[in-house]
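Note: the block below is entry_28.cif and it holds mmCIF, C-alpha atoms and all ligand atoms.
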data_work
#
loop_
_atom_site.label_atom_id
_atom_site.label_comp_id
_atom_site.auth_asym_id
_atom_site.auth_seq_id
_atom_site.Cartn_x
_atom_site.Cartn_y
_atom_site.Cartn_z
CA MET B 115 0.00 0.00 0.00
CA TYR B 116 1.35 3.35 -1.06
CA PHE B 117 -0.04 6.57 0.38
CA ILE B 118 -0.51 9.74 -1.67
CA THR B 119 -1.40 12.79 0.42
CA ILE B 120 -2.90 15.76 -1.38
CA LEU B 121 -2.04 19.11 0.17
CA GLY B 122 -2.55 22.69 -0.92
CA THR B 123 -4.13 25.98 0.00
CA ALA B 124 -7.93 26.39 0.12
CA GLY B 125 -9.55 25.79 -3.25
CA SER B 126 -6.32 24.70 -4.98
CA GLY B 127 -8.05 21.59 -6.39
CA LYS B 128 -7.25 18.86 -3.81
CA SER B 129 -10.62 17.11 -3.80
CA VAL B 130 -11.09 17.21 -7.57
CA LEU B 131 -7.55 15.81 -8.02
CA THR B 132 -8.32 13.05 -5.51
CA ALA B 133 -11.23 12.02 -7.74
CA ALA B 134 -9.35 12.40 -11.04
CA LEU B 135 -6.19 10.62 -9.86
CA ALA B 136 -8.20 7.75 -8.38
CA ASP B 137 -10.08 7.31 -11.68
CA TRP B 138 -6.82 7.49 -13.61
CA LEU B 139 -5.13 4.85 -11.41
CA GLU B 140 -8.18 2.60 -11.64
CA ASP B 141 -8.03 2.89 -15.43
CA GLN B 142 -4.50 1.46 -15.13
CA GLN B 143 -5.98 -1.56 -13.28
CA LEU B 144 -4.63 -0.36 -9.94
CA SER B 145 -6.80 -0.50 -6.82
CA VAL B 146 -7.31 2.74 -4.94
CA SER B 147 -8.99 3.83 -1.74
CA LYS B 148 -10.01 7.43 -1.29
CA VAL B 149 -9.81 8.90 2.19
CA ASN B 150 -11.46 12.16 3.11
CA LEU B 151 -9.47 13.63 6.00
CA ASP B 152 -11.36 16.94 5.86
CA PRO B 153 -13.94 17.03 8.68
CA ALA B 154 -15.25 20.40 7.45
CA THR B 155 -16.09 19.65 3.85
CA GLU B 156 -19.73 19.95 2.82
CA TRP B 157 -19.40 18.16 -0.51
CA LEU B 158 -16.94 15.86 -2.24
CA PRO B 159 -16.51 15.11 -5.94
CA TYR B 160 -15.90 11.39 -5.14
CA ASN B 161 -17.30 8.65 -2.94
CA PRO B 162 -14.83 8.25 -0.08
CA ASP B 163 -13.95 4.74 1.05
CA PHE B 164 -13.21 6.26 4.43
CA ASP B 165 -14.64 9.58 5.58
CA VAL B 166 -13.53 11.27 8.81
CA ARG B 167 -16.88 13.05 8.94
CA ASP B 168 -18.28 9.72 10.17
CA LEU B 169 -16.15 10.29 13.29
CA VAL B 170 -15.95 14.07 13.60
CA ASN B 171 -18.01 16.65 11.76
CA THR B 172 -16.84 20.27 12.00
CA ARG B 173 -20.34 21.66 11.52
CA GLU B 174 -21.55 19.69 14.56
CA VAL B 175 -18.47 20.66 16.57
CA MET B 176 -19.21 24.30 15.72
CA VAL B 177 -22.84 24.16 16.80
CA GLU B 178 -22.31 22.01 19.91
CA ASN B 179 -19.42 24.14 21.24
CA ASN B 180 -20.38 27.61 19.99
CA LEU B 181 -17.21 27.88 17.95
CA GLY B 182 -16.40 29.80 14.80
CA PRO B 183 -15.45 27.84 11.65
CA ASN B 184 -11.67 28.03 12.18
CA ALA B 185 -11.74 27.16 15.87
CA ALA B 186 -14.14 24.31 15.08
CA LEU B 187 -11.79 22.91 12.42
CA ILE B 188 -8.85 23.12 14.84
CA ALA B 189 -10.93 21.32 17.49
CA SER B 190 -12.06 18.73 14.91
CA VAL B 191 -8.52 17.84 13.83
CA ASP B 192 -7.49 17.72 17.51
CA MET B 193 -10.41 15.35 18.15
CA LEU B 194 -9.26 13.02 15.36
CA ILE B 195 -6.27 12.10 17.52
CA ASN B 196 -8.72 10.16 19.71
CA TYR B 197 -9.70 8.05 16.71
CA ILE B 198 -6.23 7.18 15.41
CA ASP B 199 -6.66 3.45 16.06
CA ILE B 200 -9.95 3.34 14.15
CA LEU B 201 -8.50 5.43 11.32
CA ARG B 202 -5.51 3.12 10.92
CA LYS B 203 -7.55 -0.07 11.21
CA GLU B 204 -10.17 1.01 8.68
CA ILE B 205 -7.80 2.57 6.16
CA TRP B 206 -5.18 -0.17 6.34
CA SER B 207 -7.78 -2.92 6.01
CA GLU B 208 -8.60 -1.72 2.48
CA ARG B 209 -5.34 -3.28 1.22
CA THR B 210 -5.44 -1.38 -2.05
CA ASN B 211 -2.40 -0.53 -4.17
CA TYR B 212 -2.83 3.16 -3.39
CA VAL B 213 -4.49 5.22 -0.69
CA ILE B 214 -5.20 8.81 -1.69
CA ILE B 215 -5.71 11.18 1.23
CA ASP B 216 -7.65 14.40 0.64
CA THR B 217 -6.80 16.95 3.34
CA PRO B 218 -8.61 19.93 4.91
CA GLY B 219 -9.03 23.09 2.87
CA GLN B 220 -7.58 25.33 5.55
CA LEU B 221 -3.99 24.26 5.02
CA GLU B 222 -2.60 26.57 7.68
CA LEU B 223 -4.82 25.00 10.34
CA PHE B 224 -3.86 21.50 9.26
CA ALA B 225 -0.15 21.92 8.54
CA PHE B 226 0.99 24.49 11.08
CA ARG B 227 -0.57 23.17 14.25
CA SER B 228 0.67 19.99 15.87
CA SER B 229 -2.39 17.77 15.44
CA GLY B 230 -2.50 17.78 11.60
CA PRO B 231 0.99 16.32 11.02
CA LEU B 232 0.43 13.97 13.99
CA VAL B 233 -2.81 12.56 12.55
CA LEU B 234 -1.35 12.25 9.05
CA SER B 235 1.83 10.51 10.16
CA ALA B 236 -0.20 8.09 12.34
CA VAL B 237 -2.52 7.27 9.40
CA ILE B 238 0.43 6.62 7.07
CA GLY B 239 2.45 4.69 9.66
CA GLU B 240 5.42 2.89 8.10
CA HIS B 241 3.90 2.81 4.61
CA LYS B 242 5.77 4.55 1.84
CA SER B 243 4.17 7.86 1.01
CA VAL B 244 4.46 10.96 -1.09
CA SER B 245 2.73 14.33 -0.74
CA LEU B 246 1.42 16.22 -3.73
CA TYR B 247 1.50 19.96 -3.06
CA LEU B 248 -0.91 21.85 -5.29
CA ILE B 249 0.00 25.31 -6.52
CA ASP B 250 -3.00 26.95 -8.15
CA SER B 251 -2.15 28.22 -11.66
CA PHE B 252 -3.75 31.45 -10.59
CA PHE B 253 -0.68 32.19 -8.41
CA ALA B 254 1.90 31.05 -10.92
CA LEU B 255 1.92 33.84 -13.44
CA GLN B 256 3.34 36.58 -11.25
CA PRO B 257 6.92 35.63 -10.42
CA ALA B 258 7.02 37.02 -6.85
CA ALA B 259 3.67 35.38 -6.02
CA PHE B 260 5.00 32.14 -7.48
CA VAL B 261 8.11 32.32 -5.30
CA SER B 262 5.83 32.83 -2.30
CA ALA B 263 3.82 29.72 -3.33
CA LEU B 264 7.03 27.69 -3.62
CA LEU B 265 8.14 28.91 -0.24
CA LEU B 266 4.85 27.79 1.29
CA SER B 267 5.32 24.40 -0.36
CA ALA B 268 8.79 24.12 1.19
CA SER B 269 7.38 25.16 4.54
CA VAL B 270 4.67 22.47 4.31
CA MET B 271 7.28 19.85 3.38
CA LEU B 272 9.22 20.78 6.52
CA ARG B 273 6.05 20.32 8.59
CA PHE B 274 5.05 16.90 7.22
CA ASN B 275 8.55 15.59 6.71
CA LYS B 276 7.62 13.44 3.71
CA PRO B 277 8.82 13.41 0.09
CA GLN B 278 6.82 16.02 -1.76
CA ILE B 279 6.03 16.71 -5.41
CA ASN B 280 4.89 20.15 -6.52
CA VAL B 281 1.89 20.15 -8.80
CA LEU B 282 0.74 23.11 -10.88
CA SER B 283 -3.04 22.66 -10.75
CA LYS B 284 -5.77 23.89 -13.13
CA VAL B 285 -3.43 24.46 -16.08
CA ASP B 286 -6.49 24.60 -18.35
CA PHE B 287 -6.58 28.24 -17.21
CA LEU B 288 -3.12 28.84 -18.75
CA THR B 289 -1.92 28.97 -22.34
CA GLU B 290 0.78 26.57 -23.56
CA ALA B 291 3.20 29.51 -23.67
CA GLU B 292 2.46 30.45 -20.05
CA ILE B 293 3.03 26.86 -18.85
CA GLU B 294 6.31 26.74 -20.80
CA LYS B 295 7.43 30.02 -19.26
CA ILE B 296 6.80 28.74 -15.72
CA LEU B 297 8.65 25.47 -16.37
CA GLN B 298 11.50 27.38 -17.96
CA TRP B 299 11.99 29.28 -14.69
CA PHE B 300 13.20 25.95 -13.25
CA GLU B 301 15.43 25.08 -16.19
CA ASP B 302 17.05 28.49 -16.08
CA PRO B 303 16.60 30.31 -12.75
CA VAL B 304 18.11 33.46 -14.30
CA GLU B 305 14.85 33.80 -16.24
CA LEU B 306 12.92 33.72 -12.99
CA ILE B 307 15.23 36.31 -11.46
CA ASN B 308 14.80 38.53 -14.54
CA ALA B 309 11.04 38.10 -14.40
CA ILE B 310 11.03 39.17 -10.74
CA ASP B 311 13.18 42.15 -11.67
CA SER B 312 10.62 43.35 -14.19
CA GLU B 313 7.74 43.27 -11.70
CA PRO B 314 6.27 46.58 -10.50
CA VAL B 315 7.19 45.93 -6.85
CA SER B 316 9.55 47.66 -4.44
CA PHE B 317 13.29 47.00 -4.40
CA VAL B 318 13.04 45.29 -1.00
CA ILE B 319 10.40 42.82 -2.23
CA LYS B 320 12.35 42.16 -5.43
CA ASP B 321 15.53 41.55 -3.47
CA LEU B 322 13.78 39.17 -1.08
CA ALA B 323 12.02 37.29 -3.91
CA LYS B 324 15.26 36.97 -5.88
CA ARG B 325 17.24 35.68 -2.90
CA LEU B 326 14.54 33.13 -2.09
CA ALA B 327 14.26 32.07 -5.74
CA GLU B 328 18.04 31.60 -5.93
CA THR B 329 18.17 29.54 -2.76
CA MET B 330 15.27 27.33 -3.75
CA THR B 331 16.41 26.65 -7.27
CA GLU B 332 20.10 26.23 -6.33
CA THR B 333 19.47 23.80 -3.50
CA GLN B 334 16.79 21.97 -5.50
CA LEU B 335 14.79 22.23 -2.29
CA VAL B 336 11.68 22.92 -4.28
CA LEU B 337 11.19 20.78 -7.31
CA LYS B 338 9.84 21.76 -10.67
CA PRO B 339 6.05 21.44 -10.61
CA ILE B 340 4.13 18.96 -12.74
CA PRO B 341 1.42 20.81 -14.69
CA ILE B 342 -1.97 19.12 -14.48
CA SER B 343 -5.64 19.72 -15.07
CA SER B 344 -7.99 17.43 -13.17
CA LYS B 345 -10.87 18.81 -15.19
CA LEU B 346 -9.34 17.90 -18.57
CA ASN B 347 -7.23 14.96 -17.36
CA ILE B 348 -4.03 16.67 -18.50
CA GLY B 349 -0.68 15.63 -17.03
CA LEU B 350 -1.90 12.80 -14.81
CA ASP B 351 0.41 10.37 -16.63
CA ASN B 352 3.41 12.60 -15.88
CA LEU B 353 2.26 12.97 -12.30
CA TYR B 354 2.00 9.20 -11.92
CA ALA B 355 5.50 8.77 -13.36
CA GLU B 356 6.85 11.22 -10.78
CA VAL B 357 4.93 9.50 -7.97
CA GLN B 358 6.46 6.21 -9.13
CA ARG B 359 9.92 7.74 -9.23
CA VAL B 360 9.60 8.93 -5.65
CA LEU B 361 7.79 5.90 -4.21
CA ALA B 362 9.36 3.00 -6.00
CA GLY B 363 12.60 4.44 -7.28
CA GLY B 364 11.24 4.48 -10.83
CA GLU B 365 10.08 0.85 -10.89
CA ASP B 366 6.48 0.20 -11.68
CA PHE B 367 4.28 -0.58 -8.73
CA LEU B 368 2.90 -3.65 -10.48
CA THR B 369 6.21 -5.39 -9.86
CA GLU B 370 5.37 -5.41 -6.14
CA GLU B 371 2.82 -7.49 -4.30
CA PRO B 372 -0.11 -5.43 -3.02
CA SER B 373 -0.29 -5.88 0.72
CA GLY B 374 -1.81 -4.28 3.77
CA ARG B 375 1.52 -3.25 5.19
CA LEU B 376 5.03 -2.76 4.02
N1 LIG B 401 -10.74 24.72 -14.43
C1 LIG B 401 -10.40 23.87 -13.47
N2 LIG B 401 -10.99 23.99 -12.27
C2 LIG B 401 -10.62 23.12 -11.30
C3 LIG B 401 -9.64 22.12 -11.50
N3 LIG B 401 -9.49 21.45 -10.33
C4 LIG B 401 -10.35 21.98 -9.46
N4 LIG B 401 -11.04 23.00 -10.02
C5 LIG B 401 -12.08 23.84 -9.43
O1 LIG B 401 -11.52 24.55 -8.33
C6 LIG B 401 -12.46 24.64 -7.27
C7 LIG B 401 -11.87 24.03 -6.00
O2 LIG B 401 -11.63 22.65 -6.25
P1 LIG B 401 -11.55 21.61 -5.04
O3 LIG B 401 -11.05 20.31 -5.58
O4 LIG B 401 -12.81 21.61 -4.27
O5 LIG B 401 -10.40 22.32 -4.20
P2 LIG B 401 -9.93 21.94 -2.71
O6 LIG B 401 -8.49 22.29 -2.62
O7 LIG B 401 -10.34 20.55 -2.39
O8 LIG B 401 -10.81 22.97 -1.91
P3 LIG B 401 -11.02 23.03 -0.32
O9 LIG B 401 -11.05 21.62 0.18
O10 LIG B 401 -12.33 23.75 -0.16
O11 LIG B 401 -9.86 23.82 0.16
C8 LIG B 401 -13.72 23.91 -7.75
O12 LIG B 401 -14.59 24.88 -8.28
C9 LIG B 401 -13.21 23.00 -8.83
O13 LIG B 401 -14.19 22.69 -9.78
C10 LIG B 401 -9.02 22.03 -12.79
O14 LIG B 401 -8.14 21.21 -13.08
N5 LIG B 401 -9.44 22.94 -13.71
MG MG B 402 -11.41 19.81 -0.73
#
Starting from the file, lay out its structure as structure tokens.
Amino acid sequence: MYFITILGTAGSGKSVLTAALADWLEDQQLSVSKVNLDPATEWLPYNPDFDVRDLVNTREVMVENNLGPNAALIASVDMLINYIDILRKEIWSERTNYVIIDTPGQLELFAFRSSGPLVLSAVIGEHKSVSLYLIDSFFALQPAAFVSALLLSASVMLRFNKPQINVLSKVDFLTEAEIEKILQWFEDPVELINAIDSEPVSFVIKDLAKRLAETMTETQLVLKPIPISSKLNIGLDNLYAEVQRVLAGGEDFLTEEPSGRL
């Protein structure tokens, strides 16, 4: 069983990718279970095989404890810690090739408090896993905003401490030329630096963005994103290849026996 965790800021396309990637993997004759780890979601574009809302529902937590939406989500994720044994038992009993975990929309409440990483690492256990970090195409066109998105990705990777792949989501909103330009920033960081330089922002912001861009591209800390569209099923084959590369060192999963545990 391999675990794929889908992370990203609110509305970046996590749930729709969970559905699209699961369908894509199933088309390749691989078995998949879909886990909804978002206790606050009202609607999902897929039928979860395991849904934390059966254990904790943020709307109920909000009403029962007179909490606002953010405090209720924090309390809900904290409460999930009490259900770790059930979560592990139910999810691990599926014994599918892949488990895709859809995470809460409010990334900052999930990633930057202690309970989110604790719950996720308990659910994954010793299984091999990879995180997909979604960067909305909307934030990718302006170079300084893109650097800020990459920085957030790096920050999230530090929190969850798992191998992470950057994914440029919703590329159906971009032209071919725009996608090429973004990818080129990784091939030749000087182009990214030049693009930052031509932005109408203050010298201080430019300097900061350029230094961060240099550090991230030089250290390869943040990897080149894989462009995808869950809506149009673009790039899912490339994404799978990258997942394979990270999880199985490039060998196809089908060469391994599916099992409940590694
Ligand atoms: N055009 C386009 N829209 C997309 C794509 N993926 C997601 N969306 C849209 O983006 C919006 C958010 O998608 P979700 O999958 O719900 O995003 P999310 O990250 O799960 O959102 P939260 O859980 O609420 O944070 C929805 O309106 C989707 O239909 C895509 O590839 N292309
Ligand atoms: Mg969602």
Do you know which residues lie at most 8 Å from (-0.5, 11.4, -0.3), with coordinates as in the file and all atoms listed in the file counted, and could you write them as a list in words?
-> Phe117, Ile118, Thr119, Ile120, Leu121, Val213, Ile214, Ile215, Asp216, Ser243, Val244, Ser245 and Leu246 of chain B
Which neighbours of Val270 of chain B fall inside 10 Å, counting all atoms listed in the file, when residues of the same chain fewer than 2 positions from it are skipped, and could you give them as a list in words?
->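 Counting only the stated atoms, we get Leu121, Gly122, Leu221, Glu222, Phe224, Ala225, Phe226, Pro231, Ser245, Tyr247, Leu264, Leu265, Leu266, Ser267, Ala268, Leu272, Arg273, Phe274, Asn275, Lys276 and Gln278 of chain B.
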List all protein, DNA and RNA residues that have at least one atom no more than 8 Å from any atom of ligand LIG 401 (chain B), counting only C-alpha atoms and all ligand atoms, and write them as a PyMOL selection string.
-> chain B and resi 121-132+152+155+158-159+216-221+283-287+342-347
Kindly indicate which residue among B:Thr329, B:Ser251, B:Asn150, B:Gln298 lies nearest to ligand MG 402 (chain B), using all atoms listed in the file for the distances.
-> B:Asn150
In Å, with one decimal, what is the gap from atom CA of Pro162 of chain B to atom CA of Glu140 of chain B?
-> 14.5 Å
Near-Asp137 of chain B list (10 Å; all atoms listed in the file; drop same-chain fewer than 6 positions) as JSON, numbers by chain | {"B": [131, 143, 144, 145, 146, 160, 347]}
In terms of the shortest atom-to-atom distance over only C-alpha atoms and all ligand atoms, which of B:Glu240, B:Glu156, B:Asp168, B:Glu174 is closest to ligand MG 402 (chain B)?
->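 Of the candidates, the smallest distance to ligand MG 402 (chain B) is held by B:Glu156.
Closest approach to Arg202 of chain B from the set B:Val261, B:Leu288, B:Leu248, B:Ile238 is made by B:Ile238, with distances taken over only C-alpha atoms.
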So, counting all atoms listed in the file, which residue among B:Leu194, B:Leu297, B:Val281, B:Leu151 is closest to ligand MG 402 (chain B)?
->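 Smallest separation from ligand MG 402 (chain B) among the options: B:Leu151.
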